[in-house]
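Encoded as structure tokens, the structure appears first; notes follow it.
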Amino acid sequence: MKIYSIFDDFDERAIEIIRNAGGELTVHPHGIPRPDPARMKEILQEYNCVIIGTTQKITEDMFDGIDSPRIIATASVGLDHIQIPVEKKDLVTILNTPKANAQSVAEYTMACALSCCKRLAEGNTLYREGKNNKQLFQKPEDLSGKIIGVVGAGNISRRIMEYASFFGMQILCWTRNPEHHLDLERLGVRFTSLEALSEISDVISVNLPDNNGTKKLISRDVISRMKENAIFISVSRLDTIEAAALIEKAKKYRGFYVCLDLDVNEDLVKTLPERHNVLVTPHIAGGTVETRKRMFRELAEQIAERFL
């Protein structure tokens, strides 16, 4: 099987896994820009399997003339960058890495919660202005004893719940199918409605896939129910939340914290205020060195076990 990795830093262990299983692997030349759409189409024509990331958009027209099986292995959880023609879906197998980033994203989420509770951004600004801790809008607080409401019950959410339990937090969870996640009760998780979670939680963590069922799930109404001093953290796509309503609430209430990890959106960038209670990062939560290695190795293992 001919396999092409668009990553010039493809992990050595992953390379070893594929080649030891008999795969003919080509790794993108180091220092050369990743394939543009035209080159990506050529690669899909030539190789049985391509290993890509979220910046490589696979479009329907790239499958013109392809009439034999193809494997698209993406170093990501999401799949919205891959579009397969309806008539070719039976020919294409898509592999992803749903567990690889859970550790990193959960750590990011707890880091946001801690930073907000401990008033790190506000404290840094005060010190640079020569002001003491008496000038803080509100005193630092502990996570212990607080209520965290986790929206979603997937791999990332589960890891966050484990960390929250370690910190001594009470844990609420909203998921559409709580009966599928009853094992979480061992952590003391209580399932509840999205409305109740929004009203009760001190920290709200949103970890949802981007699909038709999650569009604007965190609506203006849901946001209006949140406490004026809640900490809101989302690692979900922008379509999942009413970002404008979150920013408005953060502007109105200095104690309401908003932490978002998103792909850059120019319209949103224009609305972001320079405030200690608004933190937005460019989709870095799962982008650690360790996550990248886990993704490469998970894909290599899937390819080796299923196709070589």
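Chain labels run A, B, ... following the order of the structure tokens; each chain numbers its residues from 1, and ligands are numbered from 1 in the order shown.
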
Can you list, as a PyMOL selection string, all residues belonging to range 86-209 of chain A that DSSP tags as strand (DSSP E or B)? chain A and resi 92-95+147-151+170-174+190-191+203-206

Surrounding residues of Pro29 in chain A excluding itself and chain neighbours under 3 positions, 12 Å, only C-alpha atoms, as a ChimeraX atom specification: /A:4-10,26,32-35

With N, CA and C atoms retained, could you export that selection as a short mmCIF file (atom, residue, chain, number, x, y, z; two decimals), in the first residue's frame?
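What follows is the written file again.cif:
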data_model
loop_
_atom_site.label_atom_id
_atom_site.label_comp_id
_atom_site.auth_asym_id
_atom_site.auth_seq_id
_atom_site.Cartn_x
_atom_site.Cartn_y
_atom_site.Cartn_z
N TYR A 4 0.97 8.42 1.89
CA TYR A 4 1.65 9.71 1.86
C TYR A 4 1.27 10.50 3.11
N SER A 5 2.26 10.97 3.85
CA SER A 5 2.04 11.86 4.99
C SER A 5 2.39 13.28 4.58
N ILE A 6 1.45 14.20 4.76
CA ILE A 6 1.72 15.59 4.40
C ILE A 6 2.55 16.28 5.48
N PHE A 7 2.79 15.60 6.60
CA PHE A 7 3.56 16.17 7.71
C PHE A 7 5.05 15.88 7.51
N ASP A 8 5.87 16.92 7.44
CA ASP A 8 7.30 16.69 7.28
C ASP A 8 7.96 16.31 8.61
N ASP A 9 7.21 16.46 9.72
CA ASP A 9 7.73 16.06 11.04
C ASP A 9 7.02 14.82 11.56
N PHE A 10 6.54 13.98 10.64
CA PHE A 10 5.83 12.77 11.04
C PHE A 10 6.70 11.97 12.01
N THR A 26 5.66 7.52 2.15
CA THR A 26 6.40 8.70 1.70
C THR A 26 6.05 9.85 2.64
N ILE A 32 9.42 22.08 2.86
CA ILE A 32 8.62 22.42 1.67
C ILE A 32 7.18 22.68 2.12
N PRO A 33 6.55 23.77 1.65
CA PRO A 33 5.17 24.04 2.04
C PRO A 33 4.27 22.83 1.80
N ARG A 34 3.30 22.66 2.66
CA ARG A 34 2.37 21.54 2.51
C ARG A 34 1.62 21.65 1.19
N PRO A 35 1.12 20.53 0.69
CA PRO A 35 0.47 20.52 -0.62
C PRO A 35 -0.69 21.51 -0.73
#

Can you tell me which residues surround range 255-259 of chain A at a distance of at most 8 Å, considering only C-alpha atoms, apart from same-chain residues fewer than 3 positions away, and format the answer as a VMD selection string? chain A and resid 112 116 137 to 138 227 to 234 246 to 247 249 to 250 277 to 280

Determine which residues of range 21-230 of chain A DSSP labels as alpha helix (DSSP H) from the backbone of this structure, then write them out as a ChimeraX atom specification. /A:37-46,102-117,120-128,155-166,194-200,220-225

Which residues come within 10 Å of Leu299 in chain A, counting only C-alpha atoms, excluding same-chain residues fewer than 5 positions away, as a PyMOL selection string? chain A and resi 14+17-18+51+73-76+95-97+100+294+304-305

Close residues, Asn124 in chain A itself excluded, 12 Å, only C-alpha atoms, min 4 positions apart in chain, as JSON, numbers by chain: {"A": [115, 118, 119, 120, 128, 129, 130, 131, 132, 133, 135, 136, 276]}

Write the residues of the preceding selection, restricted to N, CA and C atoms, as a JSON list (two decimals), in the first residue's frame.
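Saved to out_9.json:
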[["chain", "number", "residue", "atom", "x", "y", "z"],
["A", 115, "SER", "N", -6.58, 30.00, 36.14],
["A", 115, "SER", "CA", -6.15, 31.37, 35.86],
["A", 115, "SER", "C", -7.23, 32.38, 36.23],
["A", 118, "LYS", "N", -7.81, 32.46, 40.14],
["A", 118, "LYS", "CA", -6.69, 33.09, 40.85],
["A", 118, "LYS", "C", -6.43, 34.52, 40.39],
["A", 119, "ARG", "N", -7.22, 35.02, 39.43],
["A", 119, "ARG", "CA", -7.14, 36.40, 38.93],
["A", 119, "ARG", "C", -5.75, 36.72, 38.36],
["A", 120, "LEU", "N", -5.19, 35.79, 37.62],
["A", 120, "LEU", "CA", -3.83, 35.98, 37.13],
["A", 120, "LEU", "C", -3.72, 37.14, 36.15],
["A", 128, "ARG", "N", 1.80, 45.66, 36.96],
["A", 128, "ARG", "CA", 2.48, 46.49, 35.96],
["A", 128, "ARG", "C", 2.10, 47.96, 36.09],
["A", 129, "GLU", "N", 0.92, 48.20, 36.70],
["A", 129, "GLU", "CA", 0.47, 49.58, 36.93],
["A", 129, "GLU", "C", 0.89, 50.10, 38.30],
["A", 130, "GLY", "N", 1.63, 49.27, 39.04],
["A", 130, "GLY", "CA", 2.10, 49.70, 40.35],
["A", 130, "GLY", "C", 1.03, 49.66, 41.42],
["A", 131, "LYS", "N", -0.02, 48.85, 41.20],
["A", 131, "LYS", "CA", -1.12, 48.76, 42.16],
["A", 131, "LYS", "C", -1.03, 47.46, 42.95],
["A", 132, "ASN", "N", -1.53, 47.48, 44.19],
["A", 132, "ASN", "CA", -1.46, 46.28, 45.01],
["A", 132, "ASN", "C", -2.74, 45.45, 44.91],
["A", 133, "ASN", "N", -2.77, 44.32, 45.66],
["A", 133, "ASN", "CA", -3.90, 43.39, 45.54],
["A", 133, "ASN", "C", -5.21, 43.94, 46.08],
["A", 135, "GLN", "N", -6.58, 46.37, 44.94],
["A", 135, "GLN", "CA", -7.28, 46.94, 43.78],
["A", 135, "GLN", "C", -7.96, 45.89, 42.92],
["A", 136, "LEU", "N", -7.83, 44.62, 43.27],
["A", 136, "LEU", "CA", -8.50, 43.56, 42.52],
["A", 136, "LEU", "C", -10.02, 43.77, 42.54],
["A", 276, "HIS", "N", -9.55, 41.89, 31.24],
["A", 276, "HIS", "CA", -8.92, 40.77, 31.94],
["A", 276, "HIS", "C", -9.81, 39.53, 31.96]]

Would you please work out which residue, of A:Asp202, A:Asp263, A:Asp142, A:Asp67, is nearest to Thr55 in chain A when using only C-alpha atoms? A:Asp263

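CA of Gly286 in chain A is found 26.3 Å from CA of Gly188 in chain A.
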
Give me the residues within 8 Å of range 19-21 of chain A as a list in words, counting only C-alpha atoms and dropping any in the same chain fewer than 3 places off.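 Once the adjacent positions are removed, what remains is Ile15, Glu16, Glu24, Leu25, Ala304 and Leu308 of chain A.
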
For the selection you just gave me, I'd like the residues written to a file as an mmCIF file, in the first residue's frame, keeping C-alpha atoms.
data_model
loop_
_atom_site.group_PDB
_atom_site.id
_atom_site.type_symbol
_atom_site.label_atom_id
_atom_site.label_comp_id
_atom_site.auth_asym_id
_atom_site.auth_seq_id
_atom_site.Cartn_x
_atom_site.Cartn_y
_atom_site.Cartn_z
ATOM 1 C CA ILE A 15 6.983 5.794 10.575
ATOM 2 C CA GLU A 16 8.421 2.636 12.113
ATOM 3 C CA GLU A 24 5.277 2.028 1.499
ATOM 4 C CA LEU A 25 5.370 5.394 3.250
ATOM 5 C CA ALA A 304 -1.115 -1.067 10.252
ATOM 6 C CA LEU A 308 -1.437 -3.787 6.179
#

Might you pull out every residue within 7 Å of His81 in chain A, with only C-alpha atoms counted and same-chain residues fewer than 4 positions away left off, and present them as a list in words?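 In the requested format, the answer is Thr54, Lys57 and Ile58 of chain A.
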
Across A:Glu60, A:Ile72, A:Ala285, A:Leu208, the smallest distance to Met110 in chain A, with only C-alpha atoms counted, is shown by A:Ala285

For a quick check of understanding, using only C-alpha atoms, which of A:Gly287, A:Gly65, A:Gly23, A:Pro98 has the smallest distance to Asn48 in chain A? A:Gly23

Report, in Å with one decimal, the straight-line distance from CA of Ile3 in chain A to CA of Lys99 in chain A.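 The value is 22.7 Å.
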
Which one of A:Thr93, A:Thr214, A:Asn207, A:Thr281 sits closest to Val264 in chain A if you count only C-alpha atoms? A:Thr281

From A:Leu238, A:Ala153, A:Met161, A:Ile218, residue lying nearest Leu182 in chain A [only C-alpha atoms]: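 Selected residue with least distance to Leu182 in chain A: A:Ala153.
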